[in-house]
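Novice: One structure coming up, written as structure tokens, with questions to follow.
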There are 2 protein chains.
Amino acid sequence: MATRSEAPEGTEQTWTIREVAEEFDVTHRTVRHYEELGLISPERRGTTRIYHRRDRTRLGLILRGKRLGFPLEEIRTIIDLYDAPRGRRSQLEYVLAQIDERRADLEQRRRDLDDALTELGRFEDRCREDLSKIPR
Amino acid sequence: MATRSEAPEGTEQTWTIREVAEEFDVTHRTVRHYEELGLISPERRGTTRIYHRRDRTRLGLILRGKRLGFPLEEIRTIIDLYDAPRGRRSQLEYVLAQIDERRADLEQRRRDLDDALTELGRFEDRCREDLSKIPR
DNA sequence: CTTGACGTTGACGTCAACGTAAAGCAATAC
DNA sequence: GTATTGCTTTACGTTGACGTCAACGTCAAG
């Protein structure tokens, strides 16, 4: 569905800004905003933006980051991490250190999330108990 | 430590705005902002705000909600839910329905979070592998 | 060749979540 | 007394994350 490009053989599939925007259910303005912040950098054919699979992957990461409540600047450092240079040992060690920080952050969030869920569960139990005491 | 009030016996302990702000590591401006939005409503002794345990509990909930990335308005509906009237059956059923919605939201977040964590783990593995191939 | 449909770049608007500065009251410190 | 804290309100400023609008280019269809 909606495989727009001429994709005969070997030719990589591409998308327009409208297409990626609709696919991820955001506006084209949002997509361009992310580009202004350096989160995506689509190919330019003349003045027109051409989006590749790579861009769609990154957009997916961005939106998941947003659902998790990260600010865009932080999201940028995260996804940049994924294709940071890792040729030299020092670079790899830096990346590994960053990974640890990220993980600590995410695990804190998971603790908060689990707390919130168990609290909600206890609250529901209380409510159901109350309900059982109300006649009719 | 910093038990400000005159707390002789039976008297409930209270706190000033500075005290709660420092305890939760936010500014007093932030605390007042939450009050403006109706998320907390401390007692007033004349013009001065007096915070009780109830207010501290709510502030804790607010900040956890923020760490989870919820907007303050949504946080308000959540914590209001916790002390909504549940006397009548219809009210209880409404509350239970809200609880379900909340839970669905939180579980979506947990999925996102778990995805992010496993992805991070895979990435770390790749990095460690790369590292093992670099001599010295 | 004109009309859409879609693309582009500014530039300004808006809303949330506070920060910050100005100015005042009120109790303790000296 | 005055001075210093600590609390208060009022009010404007800032930052992030877009929305919205104007003005224009481009290309296939009629």
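The chains in the structure tokens are called A, B, ... from first to last as shown; in each chain the residues are counted from 1, and the ligands are counted from 1 in the order shown.
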Counting only C-alpha atoms, which residues of chain B come no farther than 10 Å from chain A, as a ChimeraX atom specification?
Specialist: /B:61,64-71,82,86-93,95-97,99-100,102-103,106-110,112-118,120-121,123-125,127-128,130-136
Novice: Output the selection as a tab-separated table (two decimals), in the first residue's frame - C-alpha atoms for each residue.
Specialist:
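Final output, saved to again.tsv:
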chain	number	residue	atom	x	y	z
B	61	LEU	CA	2.61	11.95	43.01
B	64	ARG	CA	6.52	11.03	39.75
B	65	GLY	CA	3.96	11.82	37.08
B	66	LYS	CA	6.35	14.36	35.66
B	67	ARG	CA	9.21	11.89	35.62
B	68	LEU	CA	6.92	9.66	33.64
B	69	GLY	CA	6.34	12.48	31.17
B	70	PHE	CA	2.72	13.31	31.88
B	71	PRO	CA	1.57	16.91	31.42
B	82	TYR	CA	-7.58	9.23	43.94
B	86	ARG	CA	-17.01	7.11	45.63
B	87	GLY	CA	-20.11	7.04	47.73
B	88	ARG	CA	-22.60	6.11	45.06
B	89	ARG	CA	-22.44	3.12	42.75
B	90	SER	CA	-22.39	5.25	39.63
B	91	GLN	CA	-19.47	7.23	40.98
B	92	LEU	CA	-17.54	4.10	41.78
B	93	GLU	CA	-18.17	2.71	38.35
B	95	VAL	CA	-13.76	5.76	38.89
B	96	LEU	CA	-13.19	2.14	37.92
B	97	ALA	CA	-13.52	3.01	34.26
B	99	ILE	CA	-8.64	3.38	36.35
B	100	ASP	CA	-8.79	1.12	33.33
B	102	ARG	CA	-4.97	4.96	33.19
B	103	ARG	CA	-3.72	1.42	33.30
B	106	LEU	CA	0.75	3.14	31.71
B	107	GLU	CA	1.11	-0.25	30.11
B	108	GLN	CA	1.70	1.31	26.71
B	109	ARG	CA	4.48	3.29	28.27
B	110	ARG	CA	5.95	0.20	29.80
B	112	ASP	CA	7.84	1.50	24.96
B	113	LEU	CA	10.19	1.46	27.87
B	114	ASP	CA	10.93	-2.23	27.62
B	115	ASP	CA	11.50	-1.91	23.88
B	116	ALA	CA	13.95	0.89	24.47
B	117	LEU	CA	15.77	-1.14	27.10
B	118	THR	CA	16.13	-4.29	25.02
B	120	LEU	CA	19.84	-0.58	24.27
B	121	GLY	CA	20.97	-4.01	25.44
B	123	PHE	CA	23.37	-2.15	21.04
B	124	GLU	CA	25.61	-2.65	24.04
B	125	ASP	CA	26.31	-6.21	22.99
B	127	CYS	CA	29.62	-2.44	21.06
B	128	ARG	CA	31.26	-4.95	23.39
B	130	ASP	CA	33.40	-4.49	18.49
B	131	LEU	CA	35.53	-3.66	21.49
B	132	SER	CA	36.78	-7.22	21.82
B	133	LYS	CA	38.00	-7.08	18.23
B	134	ILE	CA	40.09	-4.02	18.81
B	135	PRO	CA	43.59	-5.10	19.86
B	136	ARG	CA	45.23	-3.90	23.05
Novice: Return chain B as a compact mmCIF listing (two decimals) with N, CA and C atoms, in the first residue's frame, after superposing it on chain A by a least-squares fit that covers all C-alpha atoms paired in order.
Specialist:
# COMPACT_ATOMS: atom_id res chain seq x y z
N MET B 1 0.39 -0.78 -0.38
CA MET B 1 -0.27 0.47 0.02
C MET B 1 0.66 1.66 0.03
N ALA B 2 0.36 2.59 -0.84
CA ALA B 2 1.10 3.86 -0.87
C ALA B 2 2.60 3.71 -1.07
N THR B 3 2.99 2.74 -1.87
CA THR B 3 4.42 2.62 -2.18
C THR B 3 4.69 3.53 -3.35
N ARG B 4 5.03 4.74 -3.00
CA ARG B 4 5.07 5.84 -3.94
C ARG B 4 6.12 5.73 -5.05
N SER B 5 7.31 5.31 -4.68
CA SER B 5 8.42 5.51 -5.62
C SER B 5 8.35 4.56 -6.80
N GLU B 6 9.28 4.75 -7.74
CA GLU B 6 9.25 3.99 -8.98
C GLU B 6 9.84 2.58 -8.81
N ALA B 7 10.40 2.32 -7.65
CA ALA B 7 10.99 1.05 -7.21
C ALA B 7 10.98 -0.12 -8.20
N PRO B 8 11.82 -0.06 -9.22
CA PRO B 8 11.82 -1.17 -10.16
C PRO B 8 12.61 -2.36 -9.62
N GLU B 9 13.92 -2.25 -9.58
CA GLU B 9 14.69 -3.30 -8.92
C GLU B 9 15.95 -2.72 -8.31
N GLY B 10 16.22 -3.17 -7.09
CA GLY B 10 17.42 -2.68 -6.43
C GLY B 10 17.27 -1.25 -5.96
N THR B 11 16.40 -0.50 -6.62
CA THR B 11 16.21 0.89 -6.20
C THR B 11 15.60 0.91 -4.81
N GLU B 12 16.24 1.65 -3.94
CA GLU B 12 15.74 1.76 -2.57
C GLU B 12 14.42 2.51 -2.56
N GLN B 13 13.52 2.05 -1.73
CA GLN B 13 12.23 2.74 -1.64
C GLN B 13 12.37 4.05 -0.87
N THR B 14 11.63 5.06 -1.31
CA THR B 14 11.68 6.36 -0.64
C THR B 14 10.27 6.87 -0.38
N TRP B 15 10.17 7.92 0.45
CA TRP B 15 8.87 8.47 0.81
C TRP B 15 8.92 10.00 0.79
N THR B 16 7.78 10.61 0.62
CA THR B 16 7.70 12.07 0.73
C THR B 16 7.40 12.44 2.18
N ILE B 17 7.44 13.74 2.43
CA ILE B 17 7.21 14.18 3.80
C ILE B 17 5.79 13.87 4.25
N ARG B 18 4.83 14.03 3.35
CA ARG B 18 3.45 13.71 3.68
C ARG B 18 3.30 12.25 4.07
N GLU B 19 3.95 11.42 3.30
CA GLU B 19 3.81 9.98 3.53
C GLU B 19 4.35 9.57 4.89
N VAL B 20 5.53 10.02 5.22
CA VAL B 20 6.05 9.63 6.53
C VAL B 20 5.22 10.26 7.64
N ALA B 21 4.79 11.51 7.43
CA ALA B 21 3.99 12.17 8.45
C ALA B 21 2.71 11.38 8.72
N GLU B 22 2.03 11.01 7.64
CA GLU B 22 0.79 10.27 7.84
C GLU B 22 1.05 8.91 8.45
N GLU B 23 2.08 8.26 7.99
CA GLU B 23 2.38 6.93 8.50
C GLU B 23 2.61 6.96 10.00
N PHE B 24 3.30 8.00 10.48
CA PHE B 24 3.58 8.06 11.91
C PHE B 24 2.57 8.92 12.66
N ASP B 25 1.56 9.37 11.95
CA ASP B 25 0.48 10.13 12.56
C ASP B 25 0.97 11.41 13.24
N VAL B 26 1.79 12.14 12.53
CA VAL B 26 2.18 13.48 12.96
C VAL B 26 1.99 14.41 11.77
N THR B 27 2.14 15.72 11.98
CA THR B 27 2.00 16.64 10.86
C THR B 27 3.35 16.81 10.16
N HIS B 28 3.31 17.31 8.91
CA HIS B 28 4.57 17.54 8.22
C HIS B 28 5.38 18.61 8.94
N ARG B 29 4.67 19.54 9.59
CA ARG B 29 5.36 20.57 10.36
C ARG B 29 6.21 19.95 11.46
N THR B 30 5.69 18.96 12.10
CA THR B 30 6.43 18.26 13.15
C THR B 30 7.68 17.61 12.57
N VAL B 31 7.52 16.95 11.45
CA VAL B 31 8.68 16.30 10.82
C VAL B 31 9.76 17.33 10.49
N ARG B 32 9.33 18.45 9.95
CA ARG B 32 10.32 19.48 9.61
C ARG B 32 10.95 20.06 10.86
N HIS B 33 10.16 20.18 11.91
CA HIS B 33 10.71 20.68 13.17
C HIS B 33 11.84 19.77 13.65
N TYR B 34 11.63 18.48 13.55
CA TYR B 34 12.68 17.55 13.95
C TYR B 34 13.91 17.73 13.08
N GLU B 35 13.69 18.04 11.83
CA GLU B 35 14.83 18.28 10.94
C GLU B 35 15.58 19.54 11.37
N GLU B 36 14.83 20.59 11.71
CA GLU B 36 15.47 21.82 12.16
C GLU B 36 16.36 21.57 13.37
N LEU B 37 15.94 20.68 14.23
CA LEU B 37 16.73 20.37 15.42
C LEU B 37 17.83 19.35 15.13
N GLY B 38 17.91 18.91 13.90
CA GLY B 38 18.97 17.99 13.54
C GLY B 38 18.70 16.55 13.93
N LEU B 39 17.43 16.20 14.13
CA LEU B 39 17.11 14.82 14.50
C LEU B 39 16.97 13.92 13.27
N ILE B 40 16.60 14.50 12.14
CA ILE B 40 16.57 13.76 10.89
C ILE B 40 17.21 14.64 9.83
N SER B 41 17.79 14.03 8.81
CA SER B 41 18.31 14.83 7.71
C SER B 41 18.05 14.09 6.41
N PRO B 42 16.85 14.25 5.87
CA PRO B 42 16.46 13.57 4.65
C PRO B 42 17.28 14.06 3.45
N GLU B 43 17.37 13.23 2.47
CA GLU B 43 18.03 13.61 1.22
C GLU B 43 17.24 14.74 0.56
N ARG B 44 17.95 15.57 -0.22
CA ARG B 44 17.28 16.63 -0.96
C ARG B 44 17.42 16.37 -2.45
N ARG B 45 16.30 16.26 -3.13
CA ARG B 45 16.34 16.20 -4.59
C ARG B 45 15.88 17.57 -5.05
N GLY B 46 16.85 18.45 -5.38
CA GLY B 46 16.50 19.85 -5.62
C GLY B 46 16.10 20.46 -4.29
N THR B 47 14.87 20.85 -4.19
CA THR B 47 14.37 21.45 -2.96
C THR B 47 13.50 20.49 -2.17
N THR B 48 13.18 19.38 -2.80
CA THR B 48 12.25 18.43 -2.19
C THR B 48 12.95 17.42 -1.28
N ARG B 49 12.28 17.12 -0.17
CA ARG B 49 12.84 16.15 0.78
C ARG B 49 12.48 14.72 0.38
N ILE B 50 13.48 13.88 0.42
CA ILE B 50 13.28 12.46 0.12
C ILE B 50 13.65 11.65 1.37
N TYR B 51 12.71 10.87 1.85
CA TYR B 51 12.95 10.10 3.08
C TYR B 51 13.25 8.65 2.75
N HIS B 52 14.29 8.14 3.41
CA HIS B 52 14.68 6.74 3.24
C HIS B 52 14.32 5.95 4.50
N ARG B 53 14.56 4.64 4.42
CA ARG B 53 14.24 3.79 5.58
C ARG B 53 14.94 4.29 6.83
N ARG B 54 16.17 4.72 6.66
CA ARG B 54 16.94 5.25 7.79
C ARG B 54 16.17 6.37 8.51
N ASP B 55 15.58 7.26 7.72
CA ASP B 55 14.86 8.38 8.32
C ASP B 55 13.62 7.89 9.06
N ARG B 56 12.97 6.89 8.49
CA ARG B 56 11.78 6.36 9.16
C ARG B 56 12.17 5.69 10.48
N THR B 57 13.28 4.98 10.48
CA THR B 57 13.74 4.37 11.72
C THR B 57 13.95 5.43 12.79
N ARG B 58 14.66 6.49 12.40
CA ARG B 58 14.94 7.55 13.37
C ARG B 58 13.66 8.19 13.86
N LEU B 59 12.73 8.43 12.94
CA LEU B 59 11.47 9.04 13.36
C LEU B 59 10.76 8.15 14.38
N GLY B 60 10.82 6.86 14.15
CA GLY B 60 10.22 5.94 15.11
C GLY B 60 10.88 6.07 16.48
N LEU B 61 12.19 6.15 16.49
CA LEU B 61 12.90 6.31 17.76
C LEU B 61 12.52 7.62 18.44
N ILE B 62 12.43 8.68 17.65
CA ILE B 62 12.08 9.98 18.20
C ILE B 62 10.72 9.92 18.89
N LEU B 63 9.76 9.34 18.19
CA LEU B 63 8.40 9.34 18.74
C LEU B 63 8.30 8.44 19.96
N ARG B 64 9.02 7.36 19.96
CA ARG B 64 9.02 6.53 21.17
C ARG B 64 9.64 7.31 22.33
N GLY B 65 10.73 8.00 22.03
CA GLY B 65 11.34 8.83 23.06
C GLY B 65 10.35 9.85 23.61
N LYS B 66 9.57 10.43 22.73
CA LYS B 66 8.58 11.40 23.16
C LYS B 66 7.52 10.74 24.04
N ARG B 67 7.05 9.58 23.62
CA ARG B 67 6.07 8.88 24.45
C ARG B 67 6.63 8.61 25.83
N LEU B 68 7.93 8.43 25.90
CA LEU B 68 8.55 8.19 27.20
C LEU B 68 8.82 9.49 27.93
N GLY B 69 8.53 10.63 27.31
CA GLY B 69 8.65 11.90 28.01
C GLY B 69 10.01 12.55 27.93
N PHE B 70 10.86 12.12 27.02
CA PHE B 70 12.16 12.77 26.89
C PHE B 70 12.03 14.04 26.05
N PRO B 71 12.76 15.08 26.40
CA PRO B 71 12.80 16.27 25.55
C PRO B 71 13.58 15.97 24.28
N LEU B 72 13.26 16.72 23.23
CA LEU B 72 13.84 16.43 21.92
C LEU B 72 15.36 16.53 21.91
N GLU B 73 15.89 17.48 22.65
CA GLU B 73 17.34 17.63 22.68
C GLU B 73 18.01 16.37 23.23
N GLU B 74 17.40 15.82 24.28
CA GLU B 74 17.96 14.60 24.85
C GLU B 74 17.80 13.44 23.88
N ILE B 75 16.67 13.42 23.21
CA ILE B 75 16.45 12.37 22.22
C ILE B 75 17.52 12.42 21.13
N ARG B 76 17.89 13.62 20.77
CA ARG B 76 18.93 13.75 19.74
C ARG B 76 20.24 13.11 20.20
N THR B 77 20.63 13.39 21.43
CA THR B 77 21.88 12.79 21.90
C THR B 77 21.76 11.26 21.93
N ILE B 78 20.55 10.77 22.22
CA ILE B 78 20.38 9.32 22.29
C ILE B 78 20.53 8.68 20.93
N ILE B 79 19.77 9.19 19.94
CA ILE B 79 19.84 8.51 18.65
C ILE B 79 21.15 8.81 17.94
N ASP B 80 21.76 9.95 18.26
CA ASP B 80 23.09 10.18 17.71
C ASP B 80 24.06 9.14 18.25
N LEU B 81 23.81 8.76 19.48
CA LEU B 81 24.66 7.74 20.10
C LEU B 81 24.68 6.48 19.25
N TYR B 82 23.50 6.13 18.70
CA TYR B 82 23.39 4.88 17.97
C TYR B 82 24.24 4.86 16.71
N ASP B 83 24.49 6.03 16.09
CA ASP B 83 25.45 5.97 15.00
C ASP B 83 26.64 6.88 15.22
N ALA B 84 27.11 6.88 16.43
CA ALA B 84 28.35 7.59 16.73
C ALA B 84 29.52 6.74 16.23
N PRO B 85 30.65 7.38 15.96
CA PRO B 85 31.82 6.62 15.50
C PRO B 85 32.32 5.69 16.61
N ARG B 86 32.60 4.44 16.23
CA ARG B 86 33.08 3.50 17.24
C ARG B 86 34.33 2.79 16.74
N GLY B 87 35.08 3.50 15.93
CA GLY B 87 36.24 2.86 15.34
C GLY B 87 37.38 2.70 16.33
N ARG B 88 37.59 3.72 17.14
CA ARG B 88 38.72 3.65 18.06
C ARG B 88 38.25 3.21 19.45
N ARG B 89 39.16 2.64 20.18
CA ARG B 89 38.86 2.14 21.52
C ARG B 89 38.28 3.22 22.43
N SER B 90 38.88 4.39 22.39
CA SER B 90 38.40 5.46 23.25
C SER B 90 36.96 5.83 22.90
N GLN B 91 36.66 5.83 21.62
CA GLN B 91 35.31 6.15 21.20
C GLN B 91 34.32 5.10 21.70
N LEU B 92 34.71 3.86 21.57
CA LEU B 92 33.83 2.79 22.04
C LEU B 92 33.61 2.87 23.53
N GLU B 93 34.66 3.21 24.25
CA GLU B 93 34.50 3.29 25.70
C GLU B 93 33.58 4.45 26.08
N TYR B 94 33.68 5.52 25.34
CA TYR B 94 32.77 6.64 25.60
C TYR B 94 31.32 6.21 25.36
N VAL B 95 31.10 5.55 24.23
CA VAL B 95 29.76 5.10 23.89
C VAL B 95 29.22 4.17 24.98
N LEU B 96 30.07 3.27 25.45
CA LEU B 96 29.63 2.33 26.48
C LEU B 96 29.26 3.07 27.77
N ALA B 97 30.00 4.10 28.08
CA ALA B 97 29.69 4.88 29.27
C ALA B 97 28.32 5.57 29.12
N GLN B 98 28.12 6.13 27.93
CA GLN B 98 26.82 6.77 27.66
C GLN B 98 25.68 5.77 27.79
N ILE B 99 25.92 4.58 27.30
CA ILE B 99 24.89 3.54 27.39
C ILE B 99 24.51 3.29 28.84
N ASP B 100 25.51 3.25 29.70
CA ASP B 100 25.22 3.03 31.12
C ASP B 100 24.34 4.14 31.68
N GLU B 101 24.67 5.38 31.32
CA GLU B 101 23.86 6.49 31.81
C GLU B 101 22.41 6.36 31.36
N ARG B 102 22.26 6.11 30.09
CA ARG B 102 20.92 5.93 29.52
C ARG B 102 20.17 4.84 30.26
N ARG B 103 20.83 3.74 30.51
CA ARG B 103 20.15 2.63 31.14
C ARG B 103 19.69 3.00 32.55
N ALA B 104 20.54 3.71 33.27
CA ALA B 104 20.18 4.13 34.62
C ALA B 104 18.92 5.00 34.57
N ASP B 105 18.89 5.90 33.62
CA ASP B 105 17.74 6.78 33.47
C ASP B 105 16.48 5.97 33.18
N LEU B 106 16.59 5.07 32.22
CA LEU B 106 15.43 4.28 31.84
C LEU B 106 14.95 3.41 32.99
N GLU B 107 15.88 2.91 33.76
CA GLU B 107 15.46 2.04 34.87
C GLU B 107 14.78 2.83 35.98
N GLN B 108 15.23 4.07 36.18
CA GLN B 108 14.52 4.94 37.13
C GLN B 108 13.08 5.13 36.68
N ARG B 109 12.93 5.37 35.41
CA ARG B 109 11.58 5.54 34.88
C ARG B 109 10.75 4.29 35.08
N ARG B 110 11.37 3.16 34.88
CA ARG B 110 10.59 1.93 35.05
C ARG B 110 10.17 1.77 36.49
N ARG B 111 11.02 2.14 37.41
CA ARG B 111 10.62 2.08 38.82
C ARG B 111 9.40 2.97 39.05
N ASP B 112 9.49 4.20 38.59
CA ASP B 112 8.35 5.11 38.74
C ASP B 112 7.09 4.50 38.14
N LEU B 113 7.28 3.93 36.97
CA LEU B 113 6.15 3.37 36.26
C LEU B 113 5.54 2.21 37.03
N ASP B 114 6.39 1.33 37.51
CA ASP B 114 5.88 0.18 38.26
C ASP B 114 5.19 0.64 39.54
N ASP B 115 5.77 1.63 40.22
CA ASP B 115 5.12 2.16 41.41
C ASP B 115 3.73 2.66 41.07
N ALA B 116 3.65 3.43 40.01
CA ALA B 116 2.36 3.99 39.62
C ALA B 116 1.37 2.87 39.33
N LEU B 117 1.84 1.82 38.69
CA LEU B 117 0.93 0.73 38.33
C LEU B 117 0.46 -0.05 39.56
N THR B 118 1.35 -0.33 40.48
CA THR B 118 0.90 -1.07 41.67
C THR B 118 -0.03 -0.20 42.50
N GLU B 119 0.28 1.08 42.59
CA GLU B 119 -0.63 1.97 43.31
C GLU B 119 -2.02 1.96 42.70
N LEU B 120 -2.02 2.01 41.37
CA LEU B 120 -3.29 2.00 40.65
C LEU B 120 -4.04 0.70 40.94
N GLY B 121 -3.29 -0.39 40.99
CA GLY B 121 -3.91 -1.68 41.29
C GLY B 121 -4.54 -1.70 42.68
N ARG B 122 -3.80 -1.20 43.66
CA ARG B 122 -4.35 -1.15 45.02
C ARG B 122 -5.62 -0.31 45.05
N PHE B 123 -5.56 0.81 44.36
CA PHE B 123 -6.71 1.70 44.34
C PHE B 123 -7.92 1.00 43.70
N GLU B 124 -7.66 0.27 42.64
CA GLU B 124 -8.75 -0.45 42.00
C GLU B 124 -9.36 -1.48 42.95
N ASP B 125 -8.50 -2.18 43.68
CA ASP B 125 -9.02 -3.15 44.64
C ASP B 125 -9.95 -2.48 45.64
N ARG B 126 -9.49 -1.35 46.16
CA ARG B 126 -10.33 -0.65 47.13
C ARG B 126 -11.67 -0.28 46.51
N CYS B 127 -11.63 0.21 45.28
CA CYS B 127 -12.86 0.60 44.62
C CYS B 127 -13.80 -0.60 44.44
N ARG B 128 -13.22 -1.72 44.04
CA ARG B 128 -14.07 -2.91 43.82
C ARG B 128 -14.67 -3.38 45.13
N GLU B 129 -13.88 -3.26 46.18
CA GLU B 129 -14.42 -3.62 47.49
C GLU B 129 -15.59 -2.72 47.85
N ASP B 130 -15.38 -1.43 47.69
CA ASP B 130 -16.45 -0.47 47.96
C ASP B 130 -17.68 -0.83 47.14
N LEU B 131 -17.43 -1.17 45.90
CA LEU B 131 -18.55 -1.46 44.99
C LEU B 131 -19.35 -2.67 45.48
N SER B 132 -18.62 -3.67 45.98
CA SER B 132 -19.30 -4.88 46.43
C SER B 132 -20.17 -4.61 47.65
N LYS B 133 -19.88 -3.54 48.34
CA LYS B 133 -20.67 -3.22 49.55
C LYS B 133 -21.92 -2.41 49.23
N ILE B 134 -21.94 -1.89 48.00
CA ILE B 134 -23.13 -1.11 47.64
C ILE B 134 -24.18 -2.05 47.10
N PRO B 135 -25.36 -2.07 47.70
CA PRO B 135 -26.40 -3.02 47.32
C PRO B 135 -26.89 -2.76 45.90
N ARG B 136 -27.39 -3.83 45.31
CA ARG B 136 -28.06 -3.72 43.99
C ARG B 136 -27.12 -3.69 42.83
Novice: Which value, in Å to one decimal, gives the distance between C1' of DG13 (chain C) and C1' of DC21 (chain D)?
Specialist: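 Interatomic distance, C1' of DG13 (chain C) to C1' of DC21 (chain D): 9.8 Å.
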Novice: Could you please write out, as a ChimeraX atom specification, every residue of region 78-114 of chain A that DSSP assigns to helix (DSSP H, G or I)?
Specialist: /A:78-82,89-114
Novice: Output as CSV one row per residue of chain C within 10 Å of chain A: the closest atom pair and its distance in Å to one decimal place, counting only C-alpha atoms (C1' of nucleotides), sorted by chain and residue number ascending.
Specialist:
residue,atom,partner,partner_atom,distance
C:DC6,C1',A:Arg18,CA,8.6
C:DG7,C1',A:Thr48,CA,6.7
C:DT8,C1',A:Thr47,CA,7.0
Novice: With 12 Å as the limit and counting only C-alpha atoms (C1' of nucleotides), what residues in chain D lie close to chain A? Please list them as a list in words.
Specialist: DT15, DG16, DA17, DC18, DG19, DT20, DG25 and DT26 of chain D
Novice: As an exercise, work out the distance from C1' of DT4 (chain D) to C1' of DC30 (chain C) in Å and give it to one decimal place.
Specialist: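 If I compute the distance from C1' of DT4 (chain D) to C1' of DC30 (chain C), I get 9.7 Å.
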Novice: So how far away is C1' of DA23 (chain C) from C1' of DG6 (chain D), in Å?
Specialist: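 These two atoms are separated by 14.7 Å.
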Novice: Please, which residues of chain B, numbered as in this document, come out strand (DSSP E) from DSSP, as a list of chain:residue names?
Specialist: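 Matching residues, listed in order: B:Glu43, B:Arg44, B:Arg45, B:Thr48, B:Arg49, B:Ile50.
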Novice: Output N, CA and C atoms for every residue in that selection, as a tab-separated table (two decimals), in the first residue's frame.
Specialist:
chain	number	residue	atom	x	y	z
B	43	GLU	N	-3.16	24.66	53.34
B	43	GLU	CA	-3.89	25.50	54.28
B	43	GLU	C	-3.29	26.90	54.29
B	44	ARG	N	-4.13	27.91	54.61
B	44	ARG	CA	-3.62	29.27	54.73
B	44	ARG	C	-3.77	29.74	56.17
B	45	ARG	N	-2.66	30.10	56.77
B	45	ARG	CA	-2.73	30.75	58.08
B	45	ARG	C	-2.48	32.22	57.82
B	48	THR	N	0.02	33.07	54.87
B	48	THR	CA	1.09	32.08	54.74
B	48	THR	C	0.55	30.67	54.45
B	49	ARG	N	1.29	29.97	53.59
B	49	ARG	CA	0.89	28.60	53.24
B	49	ARG	C	1.43	27.60	54.26
B	50	ILE	N	0.55	26.71	54.67
B	50	ILE	CA	0.93	25.65	55.59
B	50	ILE	C	0.71	24.31	54.90
